[in-house]
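Structure file final.txt with compact mmCIF, C-alpha atoms:
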# COMPACT_ATOMS: atom_id res chain seq x y z
CA VAL S 1 0.00 0.00 0.00
CA LYS S 2 1.34 3.42 -0.92
CA VAL S 3 0.99 5.51 2.22
CA THR S 4 0.46 9.24 2.36
CA THR S 5 2.97 9.74 5.15
CA ASP S 6 4.75 7.61 7.73
CA ARG S 7 3.02 9.67 10.39
CA LEU S 8 -0.46 8.78 9.17
CA GLU S 9 0.65 5.17 8.82
CA GLN S 10 1.61 5.10 12.53
CA GLN S 11 -1.70 6.67 13.54
CA VAL S 12 -3.59 4.08 11.49
CA ARG S 13 -1.57 1.25 12.98
CA PHE S 14 -2.62 2.37 16.47
CA LEU S 15 -6.26 2.70 15.40
CA VAL S 16 -6.19 -0.82 13.98
CA GLU S 17 -4.47 -2.17 17.12
CA ILE S 18 -7.08 -0.74 19.50
CA ASP S 19 -9.83 -2.55 17.60
CA LYS S 20 -8.92 -5.37 20.01
CA SER S 21 -10.63 -3.39 22.81
CA LYS S 22 -13.90 -4.65 21.30
CA GLN S 23 -12.96 -8.13 22.50
CA ILE S 24 -11.81 -7.39 26.04
CA LEU S 25 -14.74 -8.47 28.19
CA ARG S 26 -15.60 -6.82 31.48
CA GLN S 27 -17.57 -8.28 34.39
CA THR S 28 -20.39 -5.77 33.88
CA LEU S 29 -23.45 -7.04 32.01
CA LEU S 30 -25.46 -5.10 29.43
CA VAL S 31 -28.68 -3.61 30.81
CA ASP S 32 -30.74 -6.51 29.37
CA ALA S 33 -28.29 -8.93 31.07
CA SER S 34 -27.77 -10.78 27.76
CA ARG S 35 -23.97 -10.69 27.87
CA GLN S 36 -20.86 -9.01 29.33
CA GLU S 37 -19.91 -5.67 27.85
CA ASN S 38 -16.51 -5.00 26.32
CA ASP S 39 -14.00 -2.18 26.82
CA ALA S 40 -14.91 -0.27 23.65
CA GLU S 41 -18.61 -0.20 24.60
CA HIS S 42 -17.79 0.77 28.17
CA SER S 43 -15.49 3.59 27.04
CA TRP S 44 -18.12 4.92 24.63
CA HIS S 45 -20.71 4.94 27.39
CA LEU S 46 -18.33 6.80 29.74
CA ALA S 47 -17.59 9.44 27.13
CA VAL S 48 -21.31 10.05 26.55
CA MET S 49 -21.78 10.28 30.32
CA ALA S 50 -18.97 12.84 30.56
CA ILE S 51 -20.83 15.01 28.08
CA LEU S 52 -24.26 14.66 29.65
CA LEU S 53 -23.32 14.71 33.34
CA SER S 54 -20.51 17.29 33.45
CA GLU S 55 -22.67 19.58 35.60
CA TYR S 56 -22.21 17.14 38.49
CA ALA S 57 -18.40 17.31 38.46
CA GLY S 58 -17.19 18.24 41.94
CA ASP S 59 -14.77 20.83 40.58
CA ALA S 60 -16.19 23.62 38.46
CA GLY S 61 -14.54 24.71 35.23
CA LEU S 62 -13.01 21.41 34.31
CA ASP S 63 -11.73 20.72 30.79
CA LEU S 64 -14.45 18.50 29.35
CA LEU S 65 -12.46 17.50 26.26
CA ARG S 66 -9.69 16.17 28.51
CA VAL S 67 -12.23 14.15 30.51
CA VAL S 68 -13.63 12.70 27.29
CA LYS S 69 -10.16 11.82 25.98
CA MET S 70 -9.38 9.99 29.24
CA ALA S 71 -12.69 8.14 29.09
CA LEU S 72 -11.97 7.04 25.53
CA ILE S 73 -8.43 5.72 26.02
CA HIS S 74 -8.18 4.76 29.71
CA ASP S 75 -8.76 1.06 29.04
CA VAL S 76 -6.68 0.38 25.91
CA VAL S 77 -3.91 -0.98 28.16
CA GLU S 78 -6.24 -3.92 28.84
CA ILE S 79 -5.55 -5.19 25.31
CA ASP S 80 -2.36 -6.65 26.81
CA ALA S 81 -3.11 -6.57 30.54
CA GLY S 82 -6.68 -7.90 30.40
CA ASP S 83 -9.58 -6.59 32.44
CA THR S 84 -9.06 -6.90 36.18
CA PHE S 85 -12.33 -7.25 38.09
CA VAL S 86 -12.40 -4.51 40.74
CA TYR S 87 -13.32 -7.03 43.43
CA ASP S 88 -10.42 -9.36 42.54
CA ALA S 89 -7.71 -8.71 45.17
CA VAL S 90 -5.20 -11.12 43.61
CA GLY S 91 -5.58 -9.66 40.12
CA ASN S 92 -5.27 -6.14 41.43
CA ALA S 93 -1.96 -6.88 43.20
CA ASP S 94 0.04 -6.72 39.96
CA ARG S 95 -2.46 -4.79 37.83
CA ARG S 96 -0.43 -1.59 37.80
CA GLU S 97 2.73 -3.38 36.68
CA ARG S 98 0.94 -5.25 33.88
CA GLU S 99 -0.75 -2.09 32.71
CA GLU S 100 2.48 -0.06 32.72
CA ARG S 101 4.05 -2.59 30.37
CA ALA S 102 0.98 -2.48 28.15
CA ALA S 103 0.96 1.32 28.06
CA GLU S 104 4.61 1.24 27.03
CA ARG S 105 3.93 -1.01 24.05
CA ILE S 106 0.56 0.26 22.89
CA PHE S 107 0.98 4.04 23.04
CA SER S 108 4.42 3.71 21.41
CA ILE S 109 2.73 2.67 18.18
CA LEU S 110 1.71 6.32 17.75
CA PRO S 111 3.97 9.14 16.49
CA ALA S 112 6.02 10.47 19.43
CA ASP S 113 3.95 13.61 20.16
CA LEU S 114 0.66 11.69 20.27
CA ALA S 115 2.23 8.79 22.17
CA LEU S 116 3.33 11.27 24.84
CA GLU S 117 -0.07 12.96 24.99
CA MET S 118 -2.03 9.69 25.27
CA ARG S 119 0.39 8.20 27.79
CA ALA S 120 0.18 11.38 29.88
CA LEU S 121 -3.63 11.24 29.81
CA TRP S 122 -3.55 7.64 30.97
CA GLU S 123 -1.07 8.47 33.78
CA GLU S 124 -3.23 11.44 34.78
CA PHE S 125 -6.29 9.19 34.97
CA GLU S 126 -4.42 6.66 37.11
CA ALA S 127 -2.94 9.33 39.45
CA GLN S 128 -6.33 10.83 40.39
CA GLU S 129 -4.80 14.21 41.13
CA SER S 130 -6.62 16.44 38.65
CA ALA S 131 -10.29 17.40 38.65
CA GLU S 132 -10.61 15.81 35.22
CA ALA S 133 -9.16 12.49 36.39
CA ARG S 134 -11.41 12.41 39.46
CA PHE S 135 -14.51 13.08 37.37
CA ALA S 136 -13.53 10.50 34.74
CA THR S 137 -13.02 7.94 37.51
CA ALA S 138 -16.34 8.82 39.13
CA LEU S 139 -17.99 7.96 35.79
CA ASP S 140 -15.87 4.80 35.45
CA ARG S 141 -17.41 3.62 38.73
CA PHE S 142 -20.89 5.07 38.16
CA GLN S 143 -21.40 3.34 34.80
CA PRO S 144 -21.11 -0.24 36.15
CA VAL S 145 -23.38 0.66 39.09
CA LEU S 146 -26.09 1.86 36.70
CA GLN S 147 -25.65 -1.09 34.44
CA ASN S 148 -25.50 -3.82 37.09
CA TYR S 149 -28.49 -2.30 38.89
CA HIS S 150 -30.60 -2.20 35.73
CA ALA S 151 -29.50 -5.73 34.82
CA GLY S 152 -31.08 -7.01 38.06
CA GLY S 153 -27.74 -7.29 39.84
CA GLY S 154 -25.65 -8.13 36.75
CA GLY S 155 -21.99 -8.80 37.49
CA TRP S 156 -22.48 -8.20 41.24
CA ARG S 157 -25.00 -11.00 41.46
CA ARG S 158 -23.07 -13.34 39.19
CA HIS S 159 -20.03 -13.02 41.48
CA SER S 160 -22.00 -12.80 44.77
CA ILE S 161 -20.53 -9.43 45.72
CA THR S 162 -22.17 -8.07 48.87
CA SER S 163 -23.36 -4.49 49.20
CA ASP S 164 -20.71 -3.48 51.76
CA ARG S 165 -17.97 -4.21 49.24
CA ILE S 166 -19.87 -2.44 46.46
CA LEU S 167 -20.38 0.62 48.66
CA ALA S 168 -16.72 0.65 49.74
CA ARG S 169 -15.48 0.24 46.20
CA ASN S 170 -17.67 2.95 44.73
CA GLU S 171 -17.29 5.58 47.43
CA GLN S 172 -14.59 7.01 45.16
CA ILE S 173 -17.42 8.45 43.06
CA ALA S 174 -17.86 11.07 45.81
CA ALA S 175 -14.43 12.58 45.11
CA GLY S 176 -15.30 13.37 41.50
CA ALA S 177 -19.07 13.82 41.51
CA PRO S 178 -20.83 14.05 44.92
CA ALA S 179 -24.38 14.04 43.50
CA LEU S 180 -23.66 10.91 41.47
CA TRP S 181 -22.39 9.17 44.59
CA GLU S 182 -25.63 9.93 46.40
CA TYR S 183 -27.55 8.53 43.43
CA ALA S 184 -25.34 5.44 43.17
CA ARG S 185 -25.63 4.70 46.89
CA ASN S 186 -29.39 4.73 46.60
CA LEU S 187 -29.25 2.25 43.74
CA ILE S 188 -26.94 -0.10 45.66
CA GLN S 189 -29.21 0.02 48.70
CA ASP S 190 -32.23 -0.57 46.52
CA ALA S 191 -30.48 -3.56 44.91
CA VAL S 192 -30.35 -5.12 48.40
CA ARG S 193 -34.03 -4.32 49.06
CA GLN S 194 -35.01 -5.92 45.78
CA GLY S 195 -32.95 -9.01 46.57
CA PHE S 196 -30.51 -8.62 43.63
CA ILE S 197 -27.58 -8.75 46.03
CA ALA S 198 -27.01 -9.60 49.70
CA GLU S 199 -25.95 -7.26 52.43
CA ALA S 200 -22.62 -7.88 54.09
CA PRO S 201 -22.41 -11.12 56.05
CA PRO S 202 -23.06 -10.24 59.73
CA GLU S 203 -19.45 -10.64 60.88
CA ARG S 204 -18.35 -7.98 58.43
CA LEU S 205 -20.90 -5.37 59.52
CA VAL P 1 -35.56 4.40 44.31
CA LYS P 2 -35.17 7.76 45.94
CA VAL P 3 -33.75 10.02 43.28
CA THR P 4 -31.53 13.01 43.80
CA THR P 5 -33.38 15.15 41.30
CA ASP P 6 -35.82 14.64 38.46
CA ARG P 7 -33.22 16.11 36.15
CA LEU P 8 -30.61 13.49 37.01
CA GLU P 9 -33.29 10.82 36.74
CA GLN P 10 -33.99 11.90 33.12
CA GLN P 11 -30.29 11.90 32.29
CA VAL P 12 -29.92 8.41 33.71
CA ARG P 13 -32.96 7.16 31.81
CA PHE P 14 -31.34 8.31 28.56
CA LEU P 15 -28.01 6.70 29.49
CA VAL P 16 -29.78 3.42 30.23
CA GLU P 17 -31.78 3.64 26.97
CA ILE P 18 -28.71 4.11 24.79
CA ASP P 19 -27.20 0.91 26.19
CA LYS P 20 -29.20 -0.66 23.33
CA SER P 21 -26.64 0.78 20.88
CA LYS P 22 -24.42 -2.10 21.98
CA GLN P 23 -26.80 -4.45 20.20
CA ILE P 24 -27.30 -2.63 16.92
CA LEU P 25 -25.12 -4.51 14.47
CA ARG P 26 -23.44 -2.87 11.50
CA GLN P 27 -22.22 -4.52 8.28
CA THR P 28 -18.60 -3.74 9.13
CA LEU P 29 -16.57 -6.61 10.59
CA LEU P 30 -14.01 -6.35 13.38
CA VAL P 31 -10.41 -6.29 12.17
CA ASP P 32 -10.00 -10.01 12.95
CA ALA P 33 -13.21 -10.67 10.93
CA SER P 34 -14.68 -12.64 13.86
CA ARG P 35 -18.01 -10.78 13.94
CA GLN P 36 -19.91 -7.61 12.97
CA GLU P 37 -19.26 -4.56 15.09
CA ASN P 38 -22.03 -2.67 16.86
CA ASP P 39 -22.92 1.01 17.02
CA ALA P 40 -21.37 1.65 20.45
CA GLU P 41 -18.04 0.18 19.36
CA HIS P 42 -18.14 2.07 16.07
CA SER P 43 -18.91 5.37 17.81
CA TRP P 44 -16.08 4.84 20.30
CA HIS P 45 -13.66 4.17 17.46
CA LEU P 46 -14.78 7.33 15.62
CA ALA P 47 -14.33 9.48 18.71
CA VAL P 48 -10.78 8.17 19.23
CA MET P 49 -10.10 8.85 15.54
CA ALA P 50 -11.37 12.40 15.92
CA ILE P 51 -8.83 12.97 18.68
CA LEU P 52 -5.90 11.36 16.90
CA LEU P 53 -6.53 12.52 13.33
CA SER P 54 -7.79 16.08 13.83
CA GLU P 55 -4.71 17.47 12.07
CA TYR P 56 -6.13 16.11 8.79
CA ALA P 57 -9.42 18.02 9.01
CA GLY P 58 -9.89 20.03 5.84
CA ASP P 59 -10.92 23.14 7.75
CA ALA P 60 -8.46 24.51 10.29
CA GLY P 61 -9.57 25.63 13.74
CA LEU P 62 -12.50 23.28 14.11
CA ASP P 63 -14.10 22.65 17.50
CA LEU P 64 -12.79 19.18 18.36
CA LEU P 65 -15.14 18.67 21.31
CA ARG P 66 -18.10 19.22 18.98
CA VAL P 67 -16.72 16.67 16.51
CA VAL P 68 -16.31 14.16 19.35
CA LYS P 69 -19.84 14.77 20.62
CA MET P 70 -21.25 14.15 17.13
CA ALA P 71 -19.17 11.00 16.77
CA LEU P 72 -20.47 9.71 20.10
CA ILE P 73 -24.19 10.31 19.53
CA HIS P 74 -24.70 10.26 15.74
CA ASP P 75 -25.94 6.67 15.69
CA VAL P 76 -28.24 6.47 18.73
CA VAL P 77 -31.21 6.99 16.39
CA GLU P 78 -30.48 3.50 15.08
CA ILE P 79 -31.85 2.07 18.33
CA ASP P 80 -35.27 2.57 16.73
CA ALA P 81 -34.40 2.97 13.05
CA GLY P 82 -31.86 0.14 12.78
CA ASP P 83 -28.58 0.30 10.90
CA THR P 84 -29.02 0.99 7.18
CA PHE P 85 -26.20 -0.48 5.10
CA VAL P 86 -24.72 2.35 3.03
CA TYR P 87 -24.98 0.25 -0.16
CA ASP P 88 -28.66 -0.58 0.42
CA ALA P 89 -30.63 1.73 -1.90
CA VAL P 90 -34.04 0.54 -0.71
CA GLY P 91 -33.18 0.96 2.96
CA ASN P 92 -31.78 4.40 2.33
CA ALA P 93 -34.96 5.62 0.62
CA ASP P 94 -36.80 6.09 3.93
CA ARG P 95 -33.81 6.20 6.25
CA ARG P 96 -34.11 9.90 6.98
CA GLU P 97 -37.79 9.59 7.89
CA ARG P 98 -37.22 6.62 10.21
CA GLU P 99 -34.31 8.35 11.88
CA GLU P 100 -36.22 11.61 12.40
CA ARG P 101 -38.90 9.72 14.31
CA ALA P 102 -36.23 7.97 16.36
CA ALA P 103 -34.45 11.25 17.16
CA GLU P 104 -37.76 12.67 18.32
CA ARG P 105 -38.35 9.85 20.79
CA ILE P 106 -34.84 9.16 22.00
CA PHE P 107 -33.45 12.66 22.58
CA SER P 108 -36.72 13.67 24.29
CA ILE P 109 -35.86 11.37 27.18
CA LEU P 110 -33.27 13.98 28.23
CA PRO P 111 -34.03 17.24 30.10
CA ALA P 112 -35.08 19.90 27.56
CA ASP P 113 -31.77 21.77 27.33
CA LEU P 114 -29.73 18.61 26.73
CA ALA P 115 -32.38 17.18 24.38
CA LEU P 116 -32.09 20.33 22.28
CA GLU P 117 -28.29 20.26 22.29
CA MET P 118 -28.07 16.57 21.31
CA ARG P 119 -30.77 16.89 18.66
CA ALA P 120 -29.00 19.92 17.20
CA LEU P 121 -25.71 18.01 17.07
CA TRP P 122 -27.42 15.16 15.25
CA GLU P 123 -29.07 17.55 12.78
CA GLU P 124 -25.74 19.29 12.24
CA PHE P 125 -24.09 15.96 11.50
CA GLU P 126 -26.81 15.05 9.01
CA ALA P 127 -26.77 18.46 7.28
CA GLN P 128 -23.03 18.37 6.49
CA GLU P 129 -22.78 22.13 6.45
CA SER P 130 -20.24 22.76 9.23
CA ALA P 131 -16.54 21.90 9.23
CA GLU P 132 -17.17 19.74 12.31
CA ALA P 133 -19.93 17.74 10.60
CA ARG P 134 -17.83 17.21 7.46
CA PHE P 135 -14.88 15.96 9.49
CA ALA P 136 -17.07 13.69 11.63
CA THR P 137 -18.58 12.23 8.46
CA ALA P 138 -15.16 11.75 6.89
CA LEU P 139 -14.27 9.62 9.91
CA ASP P 140 -17.61 7.82 9.77
CA ARG P 141 -16.63 6.66 6.26
CA PHE P 142 -12.92 6.20 6.94
CA GLN P 143 -13.42 3.86 9.89
CA PRO P 144 -15.28 1.14 7.90
CA VAL P 145 -12.71 1.41 5.08
CA LEU P 146 -9.88 0.75 7.53
CA GLN P 147 -11.75 -2.01 9.21
CA ASN P 148 -13.01 -3.82 6.12
CA TYR P 149 -9.59 -3.56 4.49
CA HIS P 150 -7.82 -5.02 7.51
CA ALA P 151 -10.46 -7.75 7.80
CA GLY P 152 -9.51 -8.99 4.32
CA GLY P 153 -12.51 -7.35 2.67
CA GLY P 154 -14.90 -7.68 5.64
CA GLY P 155 -18.41 -6.42 4.94
CA TRP P 156 -17.53 -5.43 1.36
CA ARG P 157 -16.58 -8.98 0.51
CA ARG P 158 -19.50 -10.51 2.39
CA HIS P 159 -21.93 -8.41 0.34
CA SER P 160 -19.93 -8.52 -2.94
CA ILE P 161 -19.62 -4.75 -3.18
CA THR P 162 -17.39 -3.76 -6.10
CA SER P 163 -14.66 -1.16 -5.81
CA ASP P 164 -16.41 1.41 -8.02
CA ARG P 165 -19.28 1.59 -5.53
CA ILE P 166 -16.91 1.73 -2.57
CA LEU P 167 -14.94 4.55 -4.18
CA ALA P 168 -18.10 6.49 -5.07
CA ARG P 169 -19.56 6.05 -1.62
CA ASN P 170 -16.44 7.11 0.23
CA GLU P 171 -15.42 10.05 -1.91
CA GLN P 172 -17.26 12.11 0.72
CA ILE P 173 -14.18 11.67 2.92
CA ALA P 174 -12.44 14.24 0.69
CA ALA P 175 -14.81 17.00 1.81
CA GLY P 176 -13.84 16.61 5.46
CA ALA P 177 -10.30 15.27 5.36
CA PRO P 178 -8.49 15.28 1.97
CA ALA P 179 -5.42 13.35 3.20
CA LEU P 180 -7.60 10.60 4.63
CA TRP P 181 -9.39 10.25 1.31
CA GLU P 182 -6.07 9.74 -0.47
CA TYR P 183 -5.17 7.10 2.10
CA ALA P 184 -8.58 5.40 1.88
CA ARG P 185 -8.49 5.32 -1.93
CA ASN P 186 -5.15 3.54 -1.81
CA LEU P 187 -6.57 0.93 0.55
CA ILE P 188 -9.60 0.33 -1.67
CA GLN P 189 -7.41 -0.08 -4.74
CA ASP P 190 -5.11 -2.39 -2.84
CA ALA P 191 -8.12 -4.45 -1.75
CA VAL P 192 -8.79 -5.09 -5.44
CA ARG P 193 -5.14 -5.99 -6.12
CA GLN P 194 -5.17 -8.44 -3.22
CA GLY P 195 -8.38 -10.02 -4.48
CA PHE P 196 -10.51 -9.09 -1.44
CA ILE P 197 -13.06 -7.38 -3.69
CA ALA P 198 -13.78 -7.18 -7.41
CA GLU P 199 -13.47 -4.16 -9.63
CA ALA P 200 -16.60 -2.81 -11.23
CA PRO P 201 -18.21 -5.11 -13.79
CA PRO P 202 -16.97 -3.96 -17.25
CA GLU P 203 -20.29 -2.41 -18.35
CA ARG P 204 -20.16 -0.03 -15.42
CA LEU P 205 -16.64 1.26 -16.05

Could you render the structure as structure tokens?
Amino acid sequence: VKVTTDRLEQQVRFLVEIDKSKQILRQTLLVDASRQENDAEHSWHLAVMAILLSEYAGDAGLDLLRVVKMALIHDVVEIDAGDTFVYDAVGNADRREREERAAERIFSILPADLALEMRALWEEFEAQESAEARFATALDRFQPVLQNYHAGGGGWRRHSITSDRILARNEQIAAGAPALWEYARNLIQDAVRQGFIAEAPPERL
Amino acid sequence: VKVTTDRLEQQVRFLVEIDKSKQILRQTLLVDASRQENDAEHSWHLAVMAILLSEYAGDAGLDLLRVVKMALIHDVVEIDAGDTFVYDAVGNADRREREERAAERIFSILPADLALEMRALWEEFEAQESAEARFATALDRFQPVLQNYHAGGGGWRRHSITSDRILARNEQIAAGAPALWEYARNLIQDAVRQGFIAEAPPERL
């Protein structure tokens, strides 16, 4: 193939590589509970949420385009590292290390300036120090709560996760979007009332 | 469920509704040719392309966030209207009408201000009059070219679409991103050379 420029060829190679995100399955089910969703679908949903829910960001005046960029690329490292279920303590022990290696390989496919920009966005998301990263992470937690709730318990139920662990895990939403945390907490409590999931076993209360 | 506000409840209802985009199949295959891709995956891929390929937009100084928003929501009307294959003349005859009805129902789930904004973005995309809409459409054509090419012909091959039709259909890329059209044309011609697709039947040349 005659290519227009080497630069465009590198950009295309990255875009072809990240097609694999469409086959990285997460533990969250679709709303109709028919199947697990994949990283590309999840990232699309997050980006739409960023656009429609930006008014709930805890910090005013955040850069929405940066939030959307983070939402779109935060999971491409899972092409190599795989999805790590948030309630999997063993998997999470070396998650960071596996994802660092993946970031190194995958973003390097891009021309140097874009590789740097995308890598920096991913690091920013992971570090949770900017308003944009905190809001993007709030959405990254809020989306599975919505989806598992509407799927009648979804991935929570399938893996018998109790509400205390779900509440503890998702409290991070409060740092990026307080109103969404209030909403999410209500859904989690309602999931217990409806019998989708169990409360904590007594010894853990 | 106790809701924080009616406004947030409407936003959530829309976000839950558009989960159905994950089940609207397109005629484009994934790069590994294992299956058709869906609207959510396609929209995610377009939005990432918008971010990484904005330097090729024909008009300088375009509003990238607006391009990304269009990329993310342009296909939600297909939840009701279904995906219409670009080479399907019959399906395209009443596409606009079916999609207008869908836009009416789906965007109306949102609070009025957001419903208006999203509807306007969709209309802008369809009208092809702004630089942002032309670039978003260029990507909407470029993505299936990339994907079908890398899938060894993909949806083109499956439906026996000849290269003259593919070239005619995708020439629209030139209006939004001239360099991407040059690149796409090379891929289409190479797809013929490699035997993935046929050239036009002689009587149509």

Sorted per-residue table, chain P near chain S, closest atoms and distance, 8 Å, only C-alpha atoms, as JSON lines:
{"residue": "P:Val1", "atom": "CA", "partner": "S:Asp190", "partner_atom": "CA", "distance": 6.4}
{"residue": "P:Lys2", "atom": "CA", "partner": "S:Asn186", "partner_atom": "CA", "distance": 6.6}
{"residue": "P:Val3", "atom": "CA", "partner": "S:Tyr183", "partner_atom": "CA", "distance": 6.4}
{"residue": "P:Thr4", "atom": "CA", "partner": "S:Tyr183", "partner_atom": "CA", "distance": 6.0}
{"residue": "P:Gln11", "atom": "CA", "partner": "S:Leu52", "partner_atom": "CA", "distance": 7.1}
{"residue": "P:Leu15", "atom": "CA", "partner": "S:Met49", "partner_atom": "CA", "distance": 7.2}
{"residue": "P:Val16", "atom": "CA", "partner": "S:Val31", "partner_atom": "CA", "distance": 7.1}
{"residue": "P:Asp19", "atom": "CA", "partner": "S:Val31", "partner_atom": "CA", "distance": 6.6}
{"residue": "P:Lys22", "atom": "CA", "partner": "S:Glu41", "partner_atom": "CA", "distance": 6.7}
{"residue": "P:Leu30", "atom": "CA", "partner": "S:Asp19", "partner_atom": "CA", "distance": 7.1}
{"residue": "P:Val31", "atom": "CA", "partner": "S:Asp19", "partner_atom": "CA", "distance": 6.6}
{"residue": "P:Ala40", "atom": "CA", "partner": "S:Glu41", "partner_atom": "CA", "distance": 5.3}
{"residue": "P:Glu41", "atom": "CA", "partner": "S:Glu41", "partner_atom": "CA", "distance": 5.3}
{"residue": "P:Ser43", "atom": "CA", "partner": "S:Trp44", "partner_atom": "CA", "distance": 6.9}
{"residue": "P:Trp44", "atom": "CA", "partner": "S:Trp44", "partner_atom": "CA", "distance": 4.8}
{"residue": "P:His45", "atom": "CA", "partner": "S:Ala40", "partner_atom": "CA", "distance": 7.7}
{"residue": "P:Ala47", "atom": "CA", "partner": "S:Leu72", "partner_atom": "CA", "distance": 7.6}
{"residue": "P:Val48", "atom": "CA", "partner": "S:Leu72", "partner_atom": "CA", "distance": 6.5}
{"residue": "P:Met49", "atom": "CA", "partner": "S:Leu15", "partner_atom": "CA", "distance": 7.3}
{"residue": "P:Ile51", "atom": "CA", "partner": "S:Lys69", "partner_atom": "CA", "distance": 7.5}
{"residue": "P:Leu52", "atom": "CA", "partner": "S:Gln11", "partner_atom": "CA", "distance": 7.1}
{"residue": "P:Leu53", "atom": "CA", "partner": "S:Gln11", "partner_atom": "CA", "distance": 7.6}
{"residue": "P:Leu65", "atom": "CA", "partner": "S:Leu65", "partner_atom": "CA", "distance": 5.7}
{"residue": "P:Lys69", "atom": "CA", "partner": "S:Ile51", "partner_atom": "CA", "distance": 7.5}
{"residue": "P:Leu72", "atom": "CA", "partner": "S:Val48", "partner_atom": "CA", "distance": 6.5}
{"residue": "P:Ile73", "atom": "CA", "partner": "S:Val48", "partner_atom": "CA", "distance": 7.6}
{"residue": "P:Leu114", "atom": "CA", "partner": "S:Leu52", "partner_atom": "CA", "distance": 7.4}
{"residue": "P:Leu146", "atom": "CA", "partner": "S:Val16", "partner_atom": "CA", "distance": 7.6}
{"residue": "P:Gln147", "atom": "CA", "partner": "S:Val16", "partner_atom": "CA", "distance": 7.4}
{"residue": "P:His150", "atom": "CA", "partner": "S:Val16", "partner_atom": "CA", "distance": 7.9}
{"residue": "P:Ala179", "atom": "CA", "partner": "S:Thr4", "partner_atom": "CA", "distance": 7.2}
{"residue": "P:Glu182", "atom": "CA", "partner": "S:Thr4", "partner_atom": "CA", "distance": 7.1}
{"residue": "P:Tyr183", "atom": "CA", "partner": "S:Thr4", "partner_atom": "CA", "distance": 6.0}
{"residue": "P:Asn186", "atom": "CA", "partner": "S:Val1", "partner_atom": "CA", "distance": 6.5}
{"residue": "P:Leu187", "atom": "CA", "partner": "S:Val1", "partner_atom": "CA", "distance": 6.7}
{"residue": "P:Asp190", "atom": "CA", "partner": "S:Val1", "partner_atom": "CA", "distance": 6.3}

May I have the protein, DNA and RNA residues with any atom at most 9 Å from the point (-12.7, -8.1, 35.5), counting all atoms listed in the file, written as a PDB file with C-alpha atoms, in the frame of the given file?
ATOM      1  CA  LEU S  25     -14.740  -8.470  28.190  1.00  0.00           C
ATOM      2  CA  ARG S  26     -15.600  -6.820  31.480  1.00  0.00           C
ATOM      3  CA  GLN S  27     -17.570  -8.280  34.390  1.00  0.00           C
ATOM      4  CA  THR S  28     -20.390  -5.770  33.880  1.00  0.00           C
ATOM      5  CA  GLY S  82      -6.680  -7.900  30.400  1.00  0.00           C
ATOM      6  CA  ASP S  83      -9.580  -6.590  32.440  1.00  0.00           C
ATOM      7  CA  THR S  84      -9.060  -6.900  36.180  1.00  0.00           C
ATOM      8  CA  PHE S  85     -12.330  -7.250  38.090  1.00  0.00           C
ATOM      9  CA  VAL S  86     -12.400  -4.510  40.740  1.00  0.00           C
ATOM     10  CA  TYR S  87     -13.320  -7.030  43.430  1.00  0.00           C
ATOM     11  CA  ASP S  88     -10.420  -9.360  42.540  1.00  0.00           C
ATOM     12  CA  GLY S  91      -5.580  -9.660  40.120  1.00  0.00           C
TER      13      GLY S  91
END

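One distance worth recording is that between atom CA of S:Ile173 and atom CA of S:Glu123, which is 18.8 Å.
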
Top pick for closest residue to P:Arg165, considering P:Arg101, P:Val76, P:Glu199, P:Ser108 and counting only C-alpha atoms: P:Glu199

One-decimal distance in Å that lies between atom CA of S:Ala138 and atom CA of P:Ala136: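 Value for the atom CA of P:Ala136-atom CA of S:Ala138 distance: 27.9 Å.
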